[in-house]
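Q: File follows, query.pdb with PDB, C-alpha atoms, pLDDT in the B column:
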```
ATOM      1  CA  MET A   1       0.833  -5.611  48.951  1.00 57.00           C
ATOM      2  CA  LYS A   2      -2.656  -6.914  48.232  1.00 67.00           C
ATOM      3  CA  PHE A   3      -4.996  -5.952  45.397  1.00 70.00           C
ATOM      4  CA  LYS A   4      -8.777  -6.090  45.547  1.00 71.00           C
ATOM      5  CA  HIS A   5     -11.490  -5.178  43.036  1.00 74.00           C
ATOM      6  CA  SER A   6     -13.387  -2.642  45.124  1.00 71.00           C
ATOM      7  CA  PHE A   7     -14.973   0.631  44.164  1.00 74.00           C
ATOM      8  CA  ALA A   8     -16.150   3.736  45.943  1.00 81.00           C
ATOM      9  CA  ILE A   9     -19.791   4.792  46.012  1.00 85.00           C
ATOM     10  CA  ILE A  10     -20.364   8.087  44.213  1.00 88.00           C
ATOM     11  CA  ARG A  11     -23.589  10.032  44.586  1.00 90.00           C
ATOM     12  CA  PHE A  12     -24.418  13.066  42.406  1.00 91.00           C
ATOM     13  CA  VAL A  13     -26.810  15.827  43.384  1.00 92.00           C
ATOM     14  CA  LYS A  14     -27.920  15.934  39.732  1.00 90.00           C
ATOM     15  CA  ASP A  15     -27.664  13.189  37.132  1.00 86.00           C
ATOM     16  CA  GLN A  16     -27.618  15.656  34.232  1.00 88.00           C
ATOM     17  CA  VAL A  17     -26.344  19.200  33.732  1.00 88.00           C
ATOM     18  CA  THR A  18     -26.408  21.542  30.777  1.00 89.00           C
ATOM     19  CA  VAL A  19     -23.298  23.546  29.942  1.00 86.00           C
ATOM     20  CA  GLN A  20     -23.657  26.425  27.522  1.00 88.00           C
ATOM     21  CA  PRO A  21     -20.788  27.183  25.090  1.00 85.00           C
ATOM     22  CA  GLY A  22     -18.019  29.158  26.771  1.00 88.00           C
ATOM     23  CA  SER A  23     -19.491  28.714  30.254  1.00 91.00           C
ATOM     24  CA  SER A  24     -19.028  26.376  33.200  1.00 90.00           C
ATOM     25  CA  VAL A  25     -21.277  24.557  35.657  1.00 89.00           C
ATOM     26  CA  ARG A  26     -20.426  23.441  39.168  1.00 91.00           C
ATOM     27  CA  VAL A  27     -21.242  19.779  39.817  1.00 90.00           C
ATOM     28  CA  TYR A  28     -21.656  18.435  43.353  1.00 92.00           C
ATOM     29  CA  PHE A  29     -21.084  14.825  44.373  1.00 89.00           C
ATOM     30  CA  THR A  30     -19.867  12.772  47.335  1.00 89.00           C
ATOM     31  CA  ILE A  31     -17.461   9.835  47.395  1.00 86.00           C
ATOM     32  CA  SER A  32     -17.880   7.165  50.083  1.00 85.00           C
ATOM     33  CA  LEU A  33     -15.302   4.533  51.025  1.00 79.00           C
ATOM     34  CA  PRO A  34     -15.617   1.110  49.411  1.00 79.00           C
ATOM     35  CA  GLU A  35     -17.850  -0.821  51.810  1.00 76.00           C
ATOM     36  CA  ASP A  36     -15.633  -3.925  51.933  1.00 74.00           C
ATOM     37  CA  LEU A  37     -12.446  -2.120  52.965  1.00 69.00           C
ATOM     38  CA  ILE A  38     -11.387  -2.004  56.601  1.00 63.00           C
ATOM     39  CA  GLU A  39     -10.240   1.439  57.737  1.00 57.00           C
ATOM     40  CA  GLU A  40      -7.439   0.126  59.982  1.00 56.00           C
ATOM     41  CA  GLN A  41      -5.802  -1.554  56.972  1.00 68.00           C
ATOM     42  CA  ARG A  42      -5.280   1.823  55.256  1.00 70.00           C
ATOM     43  CA  TRP A  43      -6.393   0.717  51.834  1.00 76.00           C
ATOM     44  CA  PHE A  44      -5.627   2.919  48.863  1.00 78.00           C
ATOM     45  CA  TYR A  45      -8.456   3.065  46.370  1.00 81.00           C
ATOM     46  CA  SER A  46      -8.912   4.840  43.047  1.00 83.00           C
ATOM     47  CA  GLY A  47     -11.091   5.066  39.988  1.00 84.00           C
ATOM     48  CA  PHE A  48     -12.573   7.608  37.617  1.00 87.00           C
ATOM     49  CA  ILE A  49     -15.794   9.484  36.955  1.00 88.00           C
ATOM     50  CA  GLN A  50     -17.013   9.563  33.366  1.00 88.00           C
ATOM     51  CA  VAL A  51     -18.954  12.516  31.986  1.00 87.00           C
ATOM     52  CA  GLN A  52     -20.999  11.157  29.097  1.00 87.00           C
ATOM     53  CA  PRO A  53     -22.334  13.648  26.488  1.00 87.00           C
ATOM     54  CA  ILE A  54     -25.903  13.275  25.257  1.00 83.00           C
ATOM     55  CA  MET A  55     -24.810  13.562  21.628  1.00 79.00           C
ATOM     56  CA  ASP A  56     -22.993  10.424  20.510  1.00 74.00           C
ATOM     57  CA  GLN A  57     -20.535  12.320  18.318  1.00 78.00           C
ATOM     58  CA  GLU A  58     -19.085  14.175  21.322  1.00 81.00           C
ATOM     59  CA  ILE A  59     -16.164  12.838  23.343  1.00 86.00           C
ATOM     60  CA  ALA A  60     -16.679  11.504  26.880  1.00 87.00           C
ATOM     61  CA  ILE A  61     -14.552  13.038  29.634  1.00 87.00           C
ATOM     62  CA  THR A  62     -13.055  11.071  32.523  1.00 91.00           C
ATOM     63  CA  ILE A  63     -11.999  12.512  35.901  1.00 89.00           C
ATOM     64  CA  PRO A  64      -9.738  10.356  38.083  1.00 89.00           C
ATOM     65  CA  TYR A  65     -10.083  10.166  41.860  1.00 85.00           C
ATOM     66  CA  ALA A  66      -8.063   8.498  44.614  1.00 82.00           C
ATOM     67  CA  GLY A  67      -8.332   8.139  48.357  1.00 80.00           C
ATOM     68  CA  LEU A  68      -6.942   6.371  51.400  1.00 77.00           C
ATOM     69  CA  ALA A  69      -9.014   4.560  54.002  1.00 74.00           C
ATOM     70  CA  GLY A  70      -7.569   5.579  57.345  1.00 75.00           C
ATOM     71  CA  ASN A  71      -5.405   8.282  58.881  1.00 79.00           C
ATOM     72  CA  VAL A  72      -2.323   9.076  56.781  1.00 79.00           C
ATOM     73  CA  THR A  73      -0.542  10.577  59.804  1.00 83.00           C
ATOM     74  CA  SER A  74      -0.363   7.089  61.328  1.00 83.00           C
ATOM     75  CA  LEU A  75       1.501   5.593  58.362  1.00 84.00           C
ATOM     76  CA  PRO A  76       4.947   4.288  59.416  1.00 88.00           C
ATOM     77  CA  ILE A  77       7.857   6.223  57.927  1.00 91.00           C
ATOM     78  CA  LEU A  78      11.122   4.662  59.101  1.00 91.00           C
ATOM     79  CA  GLY A  79      10.478   1.072  58.066  1.00 83.00           C
ATOM     80  CA  GLN A  80       9.992  -0.104  61.636  1.00 74.00           C
ATOM     81  CA  PRO A  81      10.346  -2.567  63.299  1.00 82.00           C
ATOM     82  CA  GLU A  82      13.335  -3.831  61.267  1.00 88.00           C
ATOM     83  CA  PHE A  83      14.693  -0.360  60.506  1.00 92.00           C
ATOM     84  CA  PRO A  84      16.447   1.934  61.359  1.00 95.00           C
ATOM     85  CA  GLN A  85      19.597  -0.006  62.249  1.00 95.00           C
ATOM     86  CA  LEU A  86      22.982   0.805  63.739  1.00 97.00           C
ATOM     87  CA  ILE A  87      25.780  -0.831  61.749  1.00 96.00           C
ATOM     88  CA  LYS A  88      29.487  -1.335  62.356  1.00 96.00           C
ATOM     89  CA  SER A  89      31.649  -2.971  59.699  1.00 93.00           C
ATOM     90  CA  ASN A  90      28.575  -4.445  57.965  1.00 91.00           C
ATOM     91  CA  ILE A  91      27.361  -5.954  61.250  1.00 95.00           C
ATOM     92  CA  THR A  92      23.951  -4.859  62.532  1.00 95.00           C
ATOM     93  CA  ILE A  93      23.831  -3.932  66.210  1.00 96.00           C
ATOM     94  CA  SER A  94      20.644  -5.059  67.944  1.00 94.00           C
ATOM     95  CA  SER A  95      18.379  -2.134  68.830  1.00 92.00           C
ATOM     96  CA  ASP A  96      17.678  -3.797  72.187  1.00 92.00           C
ATOM     97  CA  THR A  97      21.287  -3.888  73.337  1.00 94.00           C
ATOM     98  CA  THR A  98      22.345  -1.692  76.242  1.00 95.00           C
ATOM     99  CA  THR A  99      26.033  -2.492  75.867  1.00 96.00           C
ATOM    100  CA  PRO A 100      27.881   0.330  74.062  1.00 97.00           C
ATOM    101  CA  THR A 101      29.522  -0.495  70.742  1.00 97.00           C
ATOM    102  CA  THR A 102      33.024   0.988  70.449  1.00 97.00           C
ATOM    103  CA  PHE A 103      34.004   3.082  67.425  1.00 96.00           C
ATOM    104  CA  THR A 104      37.495   4.538  66.881  1.00 95.00           C
ATOM    105  CA  MET A 105      36.218   6.866  64.100  1.00 92.00           C
ATOM    106  CA  GLU A 106      39.493   6.506  62.120  1.00 90.00           C
ATOM    107  CA  ASN A 107      37.918   5.017  58.959  1.00 91.00           C
ATOM    108  CA  PRO A 108      34.496   4.012  57.611  1.00 88.00           C
ATOM    109  CA  GLU A 109      34.801   0.526  59.111  1.00 92.00           C
ATOM    110  CA  ASN A 110      35.109   2.103  62.554  1.00 94.00           C
ATOM    111  CA  ARG A 111      32.359   4.737  62.277  1.00 94.00           C
ATOM    112  CA  PRO A 112      28.642   4.411  63.145  1.00 95.00           C
ATOM    113  CA  ILE A 113      26.357   3.919  60.177  1.00 94.00           C
ATOM    114  CA  ILE A 114      22.587   4.295  60.355  1.00 94.00           C
ATOM    115  CA  ALA A 115      20.563   2.259  57.856  1.00 93.00           C
ATOM    116  CA  ILE A 116      17.076   3.566  57.071  1.00 92.00           C
ATOM    117  CA  VAL A 117      14.182   2.439  54.902  1.00 91.00           C
ATOM    118  CA  ILE A 118      11.535   5.051  54.073  1.00 91.00           C
ATOM    119  CA  SER A 119       8.111   3.372  54.066  1.00 90.00           C
ATOM    120  CA  THR A 120       6.121   6.606  53.662  1.00 89.00           C
ATOM    121  CA  PRO A 121       7.356   9.869  52.082  1.00 89.00           C
ATOM    122  CA  THR A 122       8.537  12.489  54.561  1.00 91.00           C
ATOM    123  CA  LYS A 123       9.107  16.213  54.177  1.00 89.00           C
ATOM    124  CA  LEU A 124      12.051  16.297  56.579  1.00 89.00           C
ATOM    125  CA  LEU A 125      14.512  13.788  58.023  1.00 90.00           C
ATOM    126  CA  LEU A 126      16.890  14.781  60.835  1.00 88.00           C
ATOM    127  CA  ILE A 127      19.603  12.878  62.668  1.00 90.00           C
ATOM    128  CA  ASN A 128      20.640  14.354  66.012  1.00 89.00           C
ATOM    129  CA  ALA A 129      23.629  13.462  68.164  1.00 91.00           C
ATOM    130  CA  LEU A 130      22.745  12.873  71.830  1.00 94.00           C
ATOM    131  CA  ASN A 131      25.014  12.804  74.873  1.00 93.00           C
ATOM    132  CA  SER A 132      25.054  10.001  77.446  1.00 95.00           C
ATOM    133  CA  ASP A 133      21.936  11.503  79.087  1.00 96.00           C
ATOM    134  CA  LYS A 134      20.162  11.400  75.704  1.00 95.00           C
ATOM    135  CA  GLN A 135      20.101  15.186  75.460  1.00 93.00           C
ATOM    136  CA  ILE A 136      20.505  16.671  71.965  1.00 88.00           C
ATOM    137  CA  ILE A 137      23.953  18.234  71.452  1.00 86.00           C
ATOM    138  CA  GLY A 138      23.854  18.840  67.723  1.00 83.00           C
ATOM    139  CA  ILE A 139      22.809  17.781  64.256  1.00 82.00           C
ATOM    140  CA  LEU A 140      24.726  15.527  61.922  1.00 81.00           C
ATOM    141  CA  PRO A 141      25.991  17.672  59.032  1.00 74.00           C
ATOM    142  CA  GLY A 142      25.534  16.796  55.390  1.00 61.00           C
ATOM    143  CA  ILE A 143      23.440  13.654  55.695  1.00 52.00           C
ATOM    144  CA  GLY A 144      21.669  12.090  52.742  1.00 42.00           C
ATOM    145  CA  PHE A 145      21.238  13.425  49.259  1.00 38.00           C
ATOM    146  CA  ASP A 146      20.104  16.768  47.798  1.00 36.00           C
ATOM    147  CA  ILE A 147      20.835  18.635  51.004  1.00 36.00           C
ATOM    148  CA  THR A 148      19.375  22.139  51.243  1.00 37.00           C
ATOM    149  CA  LEU A 149      19.423  22.383  55.034  1.00 41.00           C
ATOM    150  CA  SER A 150      22.506  21.549  57.087  1.00 45.00           C
ATOM    151  CA  GLY A 151      21.936  18.336  58.984  1.00 50.00           C
ATOM    152  CA  ALA A 152      18.710  17.454  57.183  1.00 59.00           C
ATOM    153  CA  THR A 153      17.358  15.609  54.193  1.00 70.00           C
ATOM    154  CA  GLN A 154      14.234  17.128  52.679  1.00 71.00           C
ATOM    155  CA  TYR A 155      11.406  15.558  50.687  1.00 75.00           C
ATOM    156  CA  LEU A 156      12.388  11.908  50.856  1.00 78.00           C
ATOM    157  CA  VAL A 157      10.181   9.614  48.794  1.00 81.00           C
ATOM    158  CA  LYS A 158       9.410   6.003  49.611  1.00 84.00           C
ATOM    159  CA  THR A 159      12.496   3.886  49.042  1.00 83.00           C
ATOM    160  CA  LYS A 160      12.347   1.359  46.241  1.00 79.00           C
ATOM    161  CA  PHE A 161      12.165  -2.385  46.865  1.00 71.00           C
ATOM    162  CA  ASN A 162      15.267  -3.599  48.753  1.00 75.00           C
ATOM    163  CA  GLN A 163      16.716  -0.044  48.747  1.00 85.00           C
ATOM    164  CA  ILE A 164      18.375   1.091  51.975  1.00 89.00           C
ATOM    165  CA  LEU A 165      19.675   4.567  52.799  1.00 88.00           C
ATOM    166  CA  TYR A 166      22.968   4.697  54.714  1.00 89.00           C
ATOM    167  CA  TYR A 167      24.137   7.634  56.824  1.00 89.00           C
ATOM    168  CA  GLU A 168      27.689   7.539  58.162  1.00 90.00           C
ATOM    169  CA  TRP A 169      28.650   9.594  61.193  1.00 90.00           C
ATOM    170  CA  ASN A 170      32.268  10.759  61.117  1.00 85.00           C
ATOM    171  CA  GLY A 171      31.993  12.345  64.565  1.00 83.00           C
ATOM    172  CA  ASN A 172      31.221  15.880  63.378  1.00 81.00           C
ATOM    173  CA  ILE A 173      28.157  17.814  64.506  1.00 81.00           C
ATOM    174  CA  VAL A 174      26.594  21.198  63.892  1.00 75.00           C
ATOM    175  CA  SER A 175      26.018  23.066  67.149  1.00 70.00           C
ATOM    176  CA  LEU A 176      22.386  23.791  68.025  1.00 62.00           C
ATOM    177  CA  ASP A 177      23.009  27.376  69.139  1.00 60.00           C
ATOM    178  CA  TRP A 178      25.011  28.130  65.958  1.00 54.00           C
ATOM    179  CA  LYS A 179      27.347  30.353  68.003  1.00 55.00           C
ATOM    180  CA  ASN A 180      29.891  27.577  68.193  1.00 54.00           C
ATOM    181  CA  GLY A 181      29.195  26.684  64.600  1.00 55.00           C
ATOM    182  CA  PHE A 182      30.567  23.504  63.085  1.00 60.00           C
ATOM    183  CA  LYS A 183      32.292  21.165  65.543  1.00 62.00           C
ATOM    184  CA  THR A 184      34.903  18.888  64.059  1.00 60.00           C
ATOM    185  CA  HIS A 185      35.946  17.163  67.268  1.00 61.00           C
ATOM    186  CA  PHE A 186      34.520  16.537  70.709  1.00 71.00           C
ATOM    187  CA  ASP A 187      35.358  14.349  73.688  1.00 84.00           C
ATOM    188  CA  ASP A 188      35.366  10.569  73.645  1.00 91.00           C
ATOM    189  CA  GLY A 189      32.444   9.042  75.511  1.00 94.00           C
ATOM    190  CA  ILE A 190      28.985   7.529  75.192  1.00 96.00           C
ATOM    191  CA  TYR A 191      26.604   8.966  72.607  1.00 96.00           C
ATOM    192  CA  TYR A 192      23.388   8.113  70.810  1.00 96.00           C
ATOM    193  CA  LEU A 193      21.977   8.991  67.397  1.00 96.00           C
ATOM    194  CA  LYS A 194      18.341  10.043  67.146  1.00 95.00           C
ATOM    195  CA  VAL A 195      16.527   9.751  63.810  1.00 94.00           C
ATOM    196  CA  ARG A 196      13.463  11.983  63.344  1.00 93.00           C
ATOM    197  CA  ALA A 197      11.071  11.892  60.380  1.00 93.00           C
ATOM    198  CA  LEU A 198       8.227  14.378  60.001  1.00 93.00           C
ATOM    199  CA  LYS A 199       4.821  12.744  59.517  1.00 93.00           C
ATOM    200  CA  ILE A 200       2.537  13.665  56.613  1.00 89.00           C
ATOM    201  CA  PHE A 201       0.956  17.089  57.240  1.00 87.00           C
ATOM    202  CA  GLY A 202       3.061  17.316  60.410  1.00 91.00           C
ATOM    203  CA  ASN A 203       4.055  20.511  62.204  1.00 91.00           C
ATOM    204  CA  ILE A 204       7.822  20.849  62.637  1.00 88.00           C
ATOM    205  CA  SER A 205       7.309  22.489  66.045  1.00 90.00           C
ATOM    206  CA  ASN A 206       5.065  19.701  67.366  1.00 93.00           C
ATOM    207  CA  GLU A 207       7.112  16.830  68.801  1.00 91.00           C
ATOM    208  CA  SER A 208       4.198  14.387  68.438  1.00 92.00           C
ATOM    209  CA  ASP A 209       4.223  14.982  64.667  1.00 94.00           C
ATOM    210  CA  TRP A 210       7.638  13.319  64.396  1.00 94.00           C
ATOM    211  CA  GLU A 211       8.388   9.616  64.175  1.00 95.00           C
ATOM    212  CA  THR A 212      11.580   8.954  66.147  1.00 95.00           C
ATOM    213  CA  TRP A 213      14.144   6.226  66.725  1.00 96.00           C
ATOM    214  CA  ILE A 214      17.138   6.266  69.090  1.00 97.00           C
ATOM    215  CA  SER A 215      20.150   4.090  68.391  1.00 97.00           C
ATOM    216  CA  PRO A 216      21.827   1.718  70.841  1.00 97.00           C
ATOM    217  CA  PRO A 217      24.651   3.371  72.830  1.00 98.00           C
ATOM    218  CA  ILE A 218      27.723   4.376  70.823  1.00 97.00           C
ATOM    219  CA  LYS A 219      31.100   4.528  72.539  1.00 96.00           C
ATOM    220  CA  ILE A 220      33.573   6.833  70.805  1.00 94.00           C
ATOM    221  CA  GLN A 221      37.089   5.877  71.777  1.00 94.00           C
ATOM    222  CA  ARG A 222      39.656   7.366  69.427  1.00 90.00           C
ATOM    223  CA  LYS A 223      43.059   5.796  69.169  1.00 85.00           C
ATOM    224  CA  LYS A 224      45.747   7.796  70.981  1.00 77.00           C
TER     225      LYS A 224
END
```
Transcribe the structure of this file into C-alpha cells.
A:
Amino acid sequence: MKFKHSFAIIRFVKDQVTVQPGSSVRVYFTISLPEDLIEEQRWFYSGFIQVQPIMDQEIAITIPYAGLAGNVTSLPILGQPEFPQLIKSNITISSDTTTPTTFTMENPENRPIIAIVISTPTKLLLINALNSDKQIIGILPGIGFDITLSGATQYLVKTKFNQILYYEWNGNIVSLDWKNGFKTHFDDGIYYLKVRALKIFGNISNESDWETWISPPIKIQRKK
C-alpha cells in the first residue's frame, strides 16, 4: 500500500450562502479526481469540506468525502493469483496441475480444503461441487461463518493481514433442485470445486458479475 499527499479539486457554484434560523439551503459543488492519480491504479482518496461561518464566535462545520479512482467492479476479490488454493494435509496443490489429487474423505487430513483470501469485500461467496465434466451438481453446505443461506457465506469483509479463510469439504452437497435435498454420500470419482464471489454492485443472476476460480481435479476414492 502506498500513500500520497494528493487532494481532489472542489468547485462550488456559490462561495457564500445565507441560512436563516430554522431553515436549510442546498449547496451545489463538484469534486474532480486528484490530477496526479492514475485511474488504472485505483487510488482511494479522501478529505473534508469546511463550512466557515462569517462570525468568528460560531463553530466551523466539516463534511468528509471519499472516492475511488477507477472502476470498483474490477477490484480483485479472491486474492488472485496466489489464492484460492486447494490443500491436502497442509500441502498446497498447484492450480496448474491436471493430475487428480486423491482424497479418501475419512478424516480432515484426507479431505479437500480450499484456502481463500478476500481482497475486496463481497456480498456473497459460493462454493459449488462440479462433476468430471465441470458441470455444477450441488453447493457445499455450511461453509464459512455466520451462515444465513445454505451453501453460502454472506457479506464477507476484506481479510486482515496474513488472515486466510479455510473451507473443508467433507463430501456432502446440497442438491440444486432441492427435491433430493441434502446429499450425504455420492459416488467416488473425479470432481472439482468452484469458488464464486459476487463483485461490488453485482447482479446475482449475471454470470459476468461473479469472480470465479475452479480447483485442480479432486479424486474421491473412499476406503472400502
Q: Excluding Thr159 in chain A and its own-chain neighbours fewer than 5 positions away, which residues fall within 8 Å of it when counting only C-alpha atoms? Please give them as number ranges by chain.
A: A: 117-119, 164
Q: Just say which residues the PyMOL selection byres ((chain A and resi 120-131) around 7) picks in this file, as a count of residues only.
A: 33
Q: Figure out the distance between CA of Asn170 in chain A and CA of Arg111 in chain A, please, to one decimal in Å.
A: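 CA of Asn170 in chain A lies 6.1 Å from CA of Arg111 in chain A.
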Q: Can you work out which one of A:Leu68, A:Leu78, A:Ile31, A:Ile116 has the shortest atom-to-atom distance to Phe12 in chain A, counting all atoms listed in the file?
A: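 Of the candidates, the smallest distance to Phe12 in chain A is held by A:Ile31.
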Q: What does the distance between CA of Ala8 in chain A and CA of Thr73 in chain A come to in Å, to one decimal place?
A: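 CA of Ala8 in chain A sits 22.0 Å away from CA of Thr73 in chain A.
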Q: Write out as a VMD selection string each polymer residue whose atoms come within 9 Å of Thr30 in chain A, counting only C-alpha atoms; drop sequence neighbours fewer than 3 positions from it.
A: chain A and resid 9 to 13
Q: Smallest atom-to-atom distance to Pro64 in chain A: which of A:Gly47, A:Pro34, A:Gly202, A:Gly22, using only C-alpha atoms?
A: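 Distance minimum relative to Pro64 in chain A lands on A:Gly47.
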Q: Would you translate the PyMOL selection byres ((chain A and resi 167-169) around 8) into the concrete set of residues it matches in this file, as a PyMOL selection string?
A: chain A and resi 108+111-115+140+143-144+165-166+170-172
Q: Just checking: using only C-alpha atoms, which residue out of A:Pro141, A:Ala60, A:Phe186, A:Ile54 ends up closest to Ile173 in chain A?
A: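 Checking each of A:Pro141, A:Ala60, A:Phe186, A:Ile54 against Ile173 in chain A, counting only C-alpha atoms, the winner is A:Pro141.
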Q: Smallest atom-to-atom distance to Tyr65 in chain A: which of A:Ser46, A:Glu82, A:Glu109, A:Pro100, using all atoms listed in the file?
A: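 Among the listed residues, the smallest separation from Tyr65 in chain A belongs to A:Ser46.
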Q: Provide the CA of Thr102 in chain A to CA of Ile218 in chain A distance in Å, to one decimal place.
A: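 Answer for the CA of Thr102 in chain A to CA of Ile218 in chain A separation: 6.3 Å.
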Q: Would you place a box with edges along x, y and z of the file around all atoms of range 59-70 of chain A listed there, add 6 Å to each of its six sides, and report the centre and edge lengths in Å to one decimal, as AutoDock Vina command-line options?
A:
```
--center_x -11.8 --center_y 8.8 --center_z 40.3 --size_x 21.7 --size_y 20.5 --size_z 46.0
```
Q: Using all atoms listed in the file, which of A:Phe83, A:Phe103, A:Trp213, A:Phe29 sits nearest Gln163 in chain A?
A: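 Smallest distance to Gln163 in chain A is found for A:Phe83.
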Q: When you count all atoms listed in the file, which of these residues is closest to Thr92 in chain A: A:Asp209, A:Asn162, A:Pro21, A:Pro216?
A: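 Looking at the shortest contact to Thr92 in chain A, the residue is A:Pro216.
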Q: Can you tell me, as a list in words, what residues are no more than 12 Å from Thr18 in chain A when counting only C-alpha atoms, ignoring any on the same chain fewer than 6 positions away?
A: Ser24, Val25, Arg26, Val27, Val51, Gln52, Pro53 and Ile54 of chain A
Q: Selection in question (the file shown): the PyMOL selection byres ((chain A and resi 104) around 7). Which residues does it include, as a ChimeraX atom specification?
A: /A:102-103,105-106,110-111,220-223
Q: Tell me, as a JSON list (two decimals) with C-alpha atoms, keeping the file's coordinate frame, which residues lie within 10 Å of Thr97 in chain A, counting all atoms listed in the file; anything in the same chain fewer than 3 positions away does not count.
A:
```
[["chain", "number", "residue", "atom", "x", "y", "z"],
["A", 93, "ILE", "CA", 23.83, -3.93, 66.21],
["A", 94, "SER", "CA", 20.64, -5.06, 67.94],
["A", 100, "PRO", "CA", 27.88, 0.33, 74.06],
["A", 101, "THR", "CA", 29.52, -0.50, 70.74],
["A", 215, "SER", "CA", 20.15, 4.09, 68.39],
["A", 216, "PRO", "CA", 21.83, 1.72, 70.84],
["A", 217, "PRO", "CA", 24.65, 3.37, 72.83]]
```
